[in-house]
Structure formats: C-alpha cells, structure tokens
Amino acid sequence: MNINKMKNFVIIILVIAAVYQTGLLWLEDTASHNFFYTVFGLGGQKEIAAEEGQLLLPGRFVIGSGNKKYTVEYASDIEQKDVLVQANDLLLEALTQGSAGVLKQEIDWQSILSERCLILNYGFLVPTQEYLGEYPKKILVPQLEEFDCIAMTPSKTGSSRTSIYFIDTQTEQSWSATVEKSRFSPELYHLLETTEKNLNYVSTEQSGFNLFEDSVFVPQWKEGDLAYSSVMQINPFMKEGSINRYLLENSVDSFFKNLEADWNRVDETGTFVFSDETVVVKYYPKGILEYYGYGTYDTEVNTDIATGYQICKNFMKNDTSLNTEVYLSGIKRNRNETTYYFDYVVDDYPILLSEAVQQEFELSHAIEFSIRGNSVRKYRRYTYNFQPVDIEDKAISIEFLTALDEAIVQYQSNHEQSDVKEVEDMYLGYFVEPNAVVTMKWITQLYNELYIGATA
C-alpha cells in the first residue's frame, strides 16, 4: 500500500514537472527586453541582461558605402544579419559611454549620407522610454519622445569619431550621441561596404528629387530590364489537391501546451476546429489559420512594445507551417491591447496583399497578433507560404520615374486634381491578387495611401 502511494506521488510530481517544462518551452524568452538588444553585452564587461533575447528588428534597413549607392534589406532573420548585431553593440556603447548632443529641429541628412552609414527604418513611432527600459540606469537618454529611424555613421578606425542619430522623420527632429574611440565601429564600417549589384538604390535627397521625403531610397538598375524570379504561393496543408488532415493536425498540435488538442472536428462550412480548455485553433478552407487564447492573464499588466514583440517572435516559432521569412510591418495600440502586424518577404522584396485579398480574407497584413497581459490572445495568418522559382524568369521594364508619374495621375484623379507636394515612399514588391496570382508591382505611398503600378 505504501509503495503504491509512493509510486502515485512520484507520478504526480513527474506530471507537474512535465507541464512546467512545456510551459517554459512555450513561453521561452518572452520576458521584457529592449528594442535593440544582444546577450553579448560589451565584450568582456558585465552583460546588460542575463536573459537571452532577440532584437526588435526595424522593418528594413539601408546600407550606404559612401559612394551614393545603397542597398535596402528587410530585417527578417537576425541570424543572417551580422550587420544588425554589430550595430547593436555600437548603439549600446554610444548610449553608455558616448557624449550626448542636443535636440535639433532638423535632420542633417547630407552629413549622414556623405559617409558610410547604416539607417534603420522602423515604419512606426517607437516610444523612447520603452526602448530604453532594459538599459542600465546610467545611460544617455535621447531628447525625443518617439522616433522611427536610427542612423549610424561608424568610423573606419577606433580613433575617429562615430555618431548615432535618433530621428523622428514626421517632426523632422533629431538627437545624436557620439563616441570618440569606439571598439565596435571599425567592424561595422567594414560590414557596410556595399558591392555592385543588379539592383542598387539611390537617395532622393542626394539625387535632388525634391518631391520625395528626405529619407526615401528608390531602386535603380543598369540599362535594360531588371530580371527577377517569379514567386509561387504554396499551401502547406495541401496534398494532391485537397487539405491533408494529417499535415494540419501535426502542425496545430504545437499550439497546445500538452502537444495535442483535446478534441477536433470539421464544422458544416469545412472549417477544421481544434481545442482544449484554454485554446481554440481554426483552419478555414480558404486559407486562414486562426488561434484564440482564452486562458487567464494579468489584467493589470500593460505589455510594452518590446515584450510584445518578443512574445510574437517566439510564438511564431511554434507555427511549424510558417516557412516564409517575415518582418515587422506595423504596430497599433489600443488601451491594454497591442496589435502587431507582420508581412512576408522574399529576396528582400516585401509581399503585400491586394485590397481584394484583404477583403476576402479579412486581413490587412499576412500575420496579425493581439497581445494582452503579456500573452497572445489572437493570432491570424494568411496560411500560404511563398517560394521563388530557381531562375530569373521575369523582368521589370518600367523604371521608377514613369511609375511615379502614373501614381500621381491616379492620386489626382481620386482627389480632384490635388497637387502632390511630397512622396512618402516608393519601392518594388510582390503583390498577391485573387486566385493565387502573385506579380511584381511598383508601390507608391502618397499621403498615407498606396498606389499600385505595373512593372512591365
């Protein structure tokens, strides 16, 4: 009798331990970290934080080698972006050991762009205090409430001056910090050396395109057409023309802490439903994967932007059907809930959902998170993955000035011939249209509206 009781006690302990370990794996690294953070600290000095974290990646970043040619990349996979890891070390060094500048009512783009530089574009305003939340107390605090851009001009040698700029492009204010003898600047300087590519970018500020905002970089290429690879849209749950239940079940099991849903069914609309006592996961036949978390959470906790970002990134690791790189494309805050938007990226071209697809799938972006009380309350994803073909089978023949003229004509027809005095952004991207059609388009942003133009 005593032996049986002892066995039951041991079994209970083991079960509790297993549940605990599963929880740790599920919520791994979701503690609060600052936006641009690395576990390595400052070399041999004391580490800034004991927990391992990821960087809050900017949507895209610009590398300039000082010769008026730039490359633009999307921050989709930090392990492949050594330049961002090195930039983080330099940023931390500047804020802890550098000298503070003064708040300026202007941005010295000419000075920044004339040197080898790295420009991080977030695409949304970052609250400065939340950004600095996990840094040491003795730190330089930028005199900006918010910023949406960080620019760095590293020095070639450790004996020269390095500057870091925090920039609010909307108010055109800037604040800088300088380091006289940087340990990390020379390595970053070396990493920023760009090579000649088929597609380079030019600064509209340097090139005298006064119609553009100062921080816009537009693609240009050598004479002739620009070759690129077409992209296939792939449903990870599709096999031999229909949804394979085995593939779907294996994938959604990772959303449950006990690694298996208590029950599942297919309703009258063909929607697959999986659930346990706190989680419901649905797969809609048109191609939407949806997660709802109904567990309890701390209603007093307001998730800061950095922590929410960590939660999103770690949650996506559990979505085994997600096989396309993503980047953070937007954040929206509403009282105690924060919505994070992610979009797909292939070969450093973003993938946008057309308005028709957005309406059909009720999604403005490929992935949407609702974070509340440091937990995921909702996760919705455009389930398809995107894969480029092995050869460059398509070509772009319309250059950006022609595409810009067409976008301005569209804008004026929609707004009764209103003059266009400023272009907010312009870039190339894949565009998802109904019936799984994916084409390359020019995207022009005018007064917070997107205008889609042909590339050939």
# chains A, B, ... in the order shown; residues from 1 in each chain; ligands from 1

call {"tool": "residues_around", "arguments": {"residues": "stretch 320-327 of chain A", "least_positions_apart": "2", "cutoff": "7 Å", "atoms": "only C-alpha atoms", "output": "PyMOL selection string"}}
result
chain A and resi 59+74-76+236+251+317-318+329+342-345+385-386

call {"tool": "closest_atom_pairs", "arguments": {"of": "stretch 340-398 of chain A", "to": "stretch 179-202 of chain A", "cutoff": "12 Å", "atoms": "only C-alpha atoms", "output": "tab-separated table"}}
result
residue	atom	partner	partner_atom	distance
A:Asp347	CA	A:Leu199	CA	11.7
A:Asp348	CA	A:Leu199	CA	11.0
A:Tyr349	CA	A:Leu199	CA	11.5
A:Ile396	CA	A:Leu199	CA	11.1

call {"tool": "write_last_selection", "arguments": {"atoms": "all heavy atoms", "output": "short mmCIF file (atom, residue, chain, number, x, y, z; two decimals), in the first residue's frame"}}
result
data_model
loop_
_atom_site.label_atom_id
_atom_site.label_comp_id
_atom_site.auth_asym_id
_atom_site.auth_seq_id
_atom_site.Cartn_x
_atom_site.Cartn_y
_atom_site.Cartn_z
N ASP A 347 13.52 37.41 -51.03
CA ASP A 347 14.64 38.03 -51.75
C ASP A 347 14.68 39.54 -51.54
O ASP A 347 14.98 40.30 -52.46
CB ASP A 347 14.54 37.71 -53.26
CG ASP A 347 14.78 36.25 -53.57
OD1 ASP A 347 15.39 35.56 -52.72
OD2 ASP A 347 14.35 35.79 -54.64
N ASP A 348 14.36 39.98 -50.33
CA ASP A 348 14.34 41.40 -49.96
C ASP A 348 13.31 42.21 -50.74
O ASP A 348 13.43 43.42 -50.89
CB ASP A 348 15.73 42.03 -50.10
CG ASP A 348 16.62 41.68 -48.91
OD1 ASP A 348 16.14 41.76 -47.77
OD2 ASP A 348 17.79 41.32 -49.13
N TYR A 349 12.27 41.53 -51.21
CA TYR A 349 11.09 42.19 -51.75
C TYR A 349 9.92 41.89 -50.79
O TYR A 349 9.65 40.71 -50.52
CB TYR A 349 10.73 41.69 -53.14
CG TYR A 349 11.70 42.06 -54.23
CD1 TYR A 349 12.47 41.08 -54.86
CD2 TYR A 349 11.84 43.38 -54.66
CE1 TYR A 349 13.35 41.40 -55.88
CE2 TYR A 349 12.72 43.71 -55.68
CZ TYR A 349 13.47 42.72 -56.28
OH TYR A 349 14.35 43.05 -57.29
N ILE A 396 11.52 43.52 -65.11
CA ILE A 396 10.90 44.83 -64.88
C ILE A 396 11.42 45.79 -65.93
O ILE A 396 12.63 45.98 -66.07
CB ILE A 396 11.24 45.36 -63.47
CG1 ILE A 396 10.75 44.39 -62.40
CG2 ILE A 396 10.64 46.74 -63.25
CD1 ILE A 396 11.22 44.74 -61.00
#

call {"tool": "closest_residue", "arguments": {"among": "A:Ala456, A:Val85, A:Val273, A:Leu401", "to": "A:Gln220", "atoms": "only C-alpha atoms"}}
result
A:Leu401

call {"tool": "select_by_dssp", "arguments": {"residues": "stretch 258-358 of chain A", "states": "alpha helix (DSSP H)", "output": "PyMOL selection string"}}
result
chain A and resi 305-317+355-358

call {"tool": "closest_residue", "arguments": {"among": "A:Val266, A:Leu353, A:Leu95, A:Ala454", "to": "A:Ala436", "atoms": "only C-alpha atoms"}}
result
A:Leu353

call {"tool": "closest_residue", "arguments": {"among": "A:Glu172, A:Asp425, A:Glu368, A:Glu337", "to": "A:Glu290", "atoms": "only C-alpha atoms"}}
result
A:Glu368

call {"tool": "residues_around", "arguments": {"residues": "A:Ile119", "least_positions_apart": "5", "cutoff": "9 Å", "atoms": "only C-alpha atoms", "output": "PyMOL selection string"}}
result
chain A and resi 60-64+149-153

call {"tool": "residues_around", "arguments": {"residues": "stretch 229-234 of chain A", "least_positions_apart": "6", "cutoff": "6 Å", "atoms": "only C-alpha atoms", "output": "CSV table (one decimal) with N, CA, C and O atoms, in the first residue's frame"}}
result
chain,number,residue,atom,x,y,z
A,384,TYR,N,-0.7,30.7,-46.6
A,384,TYR,CA,0.2,30.3,-47.7
A,384,TYR,C,1.7,30.8,-47.5
A,384,TYR,O,1.9,31.8,-46.9
A,385,ASN,N,2.6,29.9,-47.9
A,385,ASN,CA,4.0,30.3,-48.0
A,385,ASN,C,4.3,30.7,-49.4
A,385,ASN,O,3.6,30.4,-50.4
A,386,PHE,N,5.5,31.4,-49.6
A,386,PHE,CA,5.9,31.9,-50.9
A,386,PHE,C,7.3,31.4,-51.2
A,386,PHE,O,8.2,31.5,-50.3
A,387,GLN,N,7.5,30.9,-52.4
A,387,GLN,CA,8.8,30.3,-52.8
A,387,GLN,C,9.1,30.8,-54.2
A,387,GLN,O,8.4,30.7,-55.1
A,388,PRO,N,10.3,31.5,-54.3
A,388,PRO,CA,10.7,31.9,-55.7
A,388,PRO,C,11.2,30.7,-56.5
A,388,PRO,O,11.7,29.7,-56.0
A,389,VAL,N,11.0,30.9,-57.8
A,389,VAL,CA,11.5,29.8,-58.7
A,389,VAL,C,13.0,29.9,-58.8
A,389,VAL,O,13.6,30.9,-58.4
A,391,ILE,N,15.0,30.2,-61.3
A,391,ILE,CA,15.6,31.1,-62.3
A,391,ILE,C,14.9,32.4,-62.3
A,391,ILE,O,13.8,32.6,-61.8
A,392,GLU,N,15.6,33.4,-62.9
A,392,GLU,CA,15.0,34.7,-63.1
A,392,GLU,C,14.2,34.7,-64.4
A,392,GLU,O,14.8,34.9,-65.4
A,393,ASP,N,13.0,34.4,-64.2
A,393,ASP,CA,12.1,34.2,-65.4
A,393,ASP,C,11.2,35.4,-65.7
A,393,ASP,O,10.4,35.4,-66.7
A,394,LYS,N,11.4,36.5,-65.0
A,394,LYS,CA,10.6,37.7,-65.2
A,394,LYS,C,11.5,38.9,-65.3
A,394,LYS,O,12.7,38.9,-64.9

call {"tool": "select_by_dssp", "arguments": {"residues": "stretch 360-429 of chain A", "states": "strand (DSSP E or B)", "output": "JSON list (two decimals) with N, CA, C and O atoms, in the first residue's frame"}}
result
[["chain", "number", "residue", "atom", "x", "y", "z"],
["A", 367, "ILE", "N", 0.12, 38.52, -41.27],
["A", 367, "ILE", "CA", 0.02, 37.99, -39.91],
["A", 367, "ILE", "C", -0.41, 39.10, -38.96],
["A", 367, "ILE", "O", 0.13, 40.21, -39.02],
["A", 368, "GLU", "N", -1.35, 38.80, -38.10],
["A", 368, "GLU", "CA", -1.80, 39.75, -37.10],
["A", 368, "GLU", "C", -1.80, 39.08, -35.73],
["A", 368, "GLU", "O", -2.32, 37.98, -35.57],
["A", 369, "PHE", "N", -1.22, 39.77, -34.75],
["A", 369, "PHE", "CA", -1.22, 39.33, -33.34],
["A", 369, "PHE", "C", -1.99, 40.32, -32.50],
["A", 369, "PHE", "O", -1.87, 41.53, -32.69],
["A", 370, "SER", "N", -2.75, 39.82, -31.54],
["A", 370, "SER", "CA", -3.31, 40.64, -30.47],
["A", 370, "SER", "C", -2.68, 40.19, -29.17],
["A", 370, "SER", "O", -2.86, 39.03, -28.76],
["A", 371, "ILE", "N", -1.94, 41.10, -28.53],
["A", 371, "ILE", "CA", -1.23, 40.79, -27.29],
["A", 371, "ILE", "C", -1.86, 41.57, -26.14],
["A", 371, "ILE", "O", -2.04, 42.78, -26.22],
["A", 372, "ARG", "N", -2.18, 40.84, -25.08],
["A", 372, "ARG", "CA", -2.77, 41.48, -23.90],
["A", 372, "ARG", "C", -2.26, 40.76, -22.65],
["A", 372, "ARG", "O", -2.23, 39.54, -22.61],
["A", 375, "SER", "N", 0.41, 38.02, -23.05],
["A", 375, "SER", "CA", 0.04, 36.74, -23.64],
["A", 375, "SER", "C", -0.63, 36.96, -24.99],
["A", 375, "SER", "O", -1.18, 38.04, -25.26],
["A", 376, "VAL", "N", -0.58, 35.94, -25.83],
["A", 376, "VAL", "CA", -1.22, 36.01, -27.14],
["A", 376, "VAL", "C", -2.70, 35.70, -26.99],
["A", 376, "VAL", "O", -3.07, 34.60, -26.58],
["A", 377, "ARG", "N", -3.51, 36.67, -27.31],
["A", 377, "ARG", "CA", -4.96, 36.44, -27.25],
["A", 377, "ARG", "C", -5.49, 35.98, -28.61],
["A", 377, "ARG", "O", -6.44, 35.20, -28.68],
["A", 378, "LYS", "N", -4.88, 36.51, -29.70],
["A", 378, "LYS", "CA", -5.32, 36.10, -31.04],
["A", 378, "LYS", "C", -4.15, 36.14, -32.01],
["A", 378, "LYS", "O", -3.28, 37.00, -31.92],
["A", 379, "TYR", "N", -4.15, 35.18, -32.93],
["A", 379, "TYR", "CA", -3.13, 35.08, -33.96],
["A", 379, "TYR", "C", -3.84, 34.66, -35.24],
["A", 379, "TYR", "O", -4.51, 33.63, -35.28],
["A", 380, "ARG", "N", -3.72, 35.48, -36.29],
["A", 380, "ARG", "CA", -4.34, 35.14, -37.58],
["A", 380, "ARG", "C", -3.28, 35.23, -38.66],
["A", 380, "ARG", "O", -2.51, 36.18, -38.70],
["A", 381, "ARG", "N", -3.28, 34.24, -39.54],
["A", 381, "ARG", "CA", -2.24, 34.20, -40.58],
["A", 381, "ARG", "C", -2.81, 33.79, -41.92],
["A", 381, "ARG", "O", -3.63, 32.87, -42.01],
["A", 382, "TYR", "N", -2.39, 34.53, -42.93],
["A", 382, "TYR", "CA", -2.61, 34.11, -44.31],
["A", 382, "TYR", "C", -1.71, 32.90, -44.53],
["A", 382, "TYR", "O", -0.50, 33.03, -44.59],
["A", 385, "ASN", "N", 2.59, 29.94, -47.93],
["A", 385, "ASN", "CA", 4.00, 30.31, -48.00],
["A", 385, "ASN", "C", 4.35, 30.72, -49.42],
["A", 385, "ASN", "O", 3.60, 30.44, -50.36],
["A", 386, "PHE", "N", 5.49, 31.39, -49.56],
["A", 386, "PHE", "CA", 5.89, 31.89, -50.87],
["A", 386, "PHE", "C", 7.30, 31.42, -51.18],
["A", 386, "PHE", "O", 8.20, 31.52, -50.35],
["A", 387, "GLN", "N", 7.47, 30.91, -52.38],
["A", 387, "GLN", "CA", 8.76, 30.35, -52.79],
["A", 387, "GLN", "C", 9.13, 30.84, -54.18],
["A", 387, "GLN", "O", 8.36, 30.68, -55.14],
["A", 388, "PRO", "N", 10.32, 31.46, -54.33],
["A", 388, "PRO", "CA", 10.73, 31.91, -55.66],
["A", 388, "PRO", "C", 11.17, 30.73, -56.51],
["A", 388, "PRO", "O", 11.67, 29.73, -56.00],
["A", 394, "LYS", "N", 11.35, 36.53, -64.97],
["A", 394, "LYS", "CA", 10.55, 37.73, -65.22],
["A", 394, "LYS", "C", 11.47, 38.94, -65.31],
["A", 394, "LYS", "O", 12.65, 38.88, -64.94],
["A", 395, "ALA", "N", 10.93, 40.06, -65.81],
["A", 395, "ALA", "CA", 11.74, 41.26, -65.94],
["A", 395, "ALA", "C", 10.89, 42.51, -65.70],
["A", 395, "ALA", "O", 9.71, 42.56, -66.04],
["A", 396, "ILE", "N", 11.52, 43.52, -65.11],
["A", 396, "ILE", "CA", 10.90, 44.83, -64.88],
["A", 396, "ILE", "C", 11.42, 45.79, -65.93],
["A", 396, "ILE", "O", 12.63, 45.98, -66.07],
["A", 423, "VAL", "N", 6.19, 62.88, -51.78],
["A", 423, "VAL", "CA", 6.04, 61.42, -51.90],
["A", 423, "VAL", "C", 6.65, 60.78, -50.67],
["A", 423, "VAL", "O", 7.82, 61.01, -50.35],
["A", 425, "ASP", "N", 6.96, 57.40, -49.90],
["A", 425, "ASP", "CA", 7.79, 56.22, -50.11],
["A", 425, "ASP", "C", 7.51, 55.65, -51.49],
["A", 425, "ASP", "O", 6.46, 55.91, -52.10],
["A", 426, "MET", "N", 8.46, 54.84, -51.97],
["A", 426, "MET", "CA", 8.29, 54.17, -53.26],
["A", 426, "MET", "C", 9.23, 52.98, -53.31],
["A", 426, "MET", "O", 10.43, 53.11, -53.02],
["A", 427, "TYR", "N", 8.70, 51.83, -53.67],
["A", 427, "TYR", "CA", 9.52, 50.61, -53.67],
["A", 427, "TYR", "C", 8.87, 49.54, -54.55],
["A", 427, "TYR", "O", 7.73, 49.68, -55.01],
["A", 428, "LEU", "N", 9.62, 48.47, -54.79],
["A", 428, "LEU", "CA", 9.13, 47.32, -55.52],
["A", 428, "LEU", "C", 8.71, 46.23, -54.55],
["A", 428, "LEU", "O", 9.33, 46.05, -53.50],
["A", 429, "GLY", "N", 7.65, 45.51, -54.88],
["A", 429, "GLY", "CA", 7.20, 44.44, -54.01],
["A", 429, "GLY", "C", 6.31, 43.46, -54.76],
["A", 429, "GLY", "O", 5.70, 43.81, -55.78]]

call {"tool": "closest_residue", "arguments": {"among": "A:Ala177, A:Leu226, A:Ile452, A:Ile331", "to": "A:Ala100", "atoms": "only C-alpha atoms"}}
result
A:Ala177

call {"tool": "residues_around", "arguments": {"residues": "A:Glu249", "least_positions_apart": "6", "cutoff": "12 Å", "atoms": "only C-alpha atoms", "output": "list in words"}}
result
Pro236, Phe237, Ile243, Phe255, Phe256, Leu259, Glu260, Ala261, Asp262, Trp263, Asn264, Arg265, Val266, Phe272, Val273, Phe274, Ser275, Val281, Lys282, Tyr283, Asp319, Thr320 and Ser321 of chain A

call {"tool": "closest_residue", "arguments": {"among": "A:Tyr165, A:Trp175, A:Phe124, A:Tyr228", "to": "A:Gln143", "atoms": "only C-alpha atoms"}}
result
A:Trp175

call {"tool": "closest_residue", "arguments": {"among": "A:Thr128, A:Thr444, A:Thr162, A:Thr455", "to": "A:Leu91", "atoms": "only C-alpha atoms"}}
result
A:Thr162
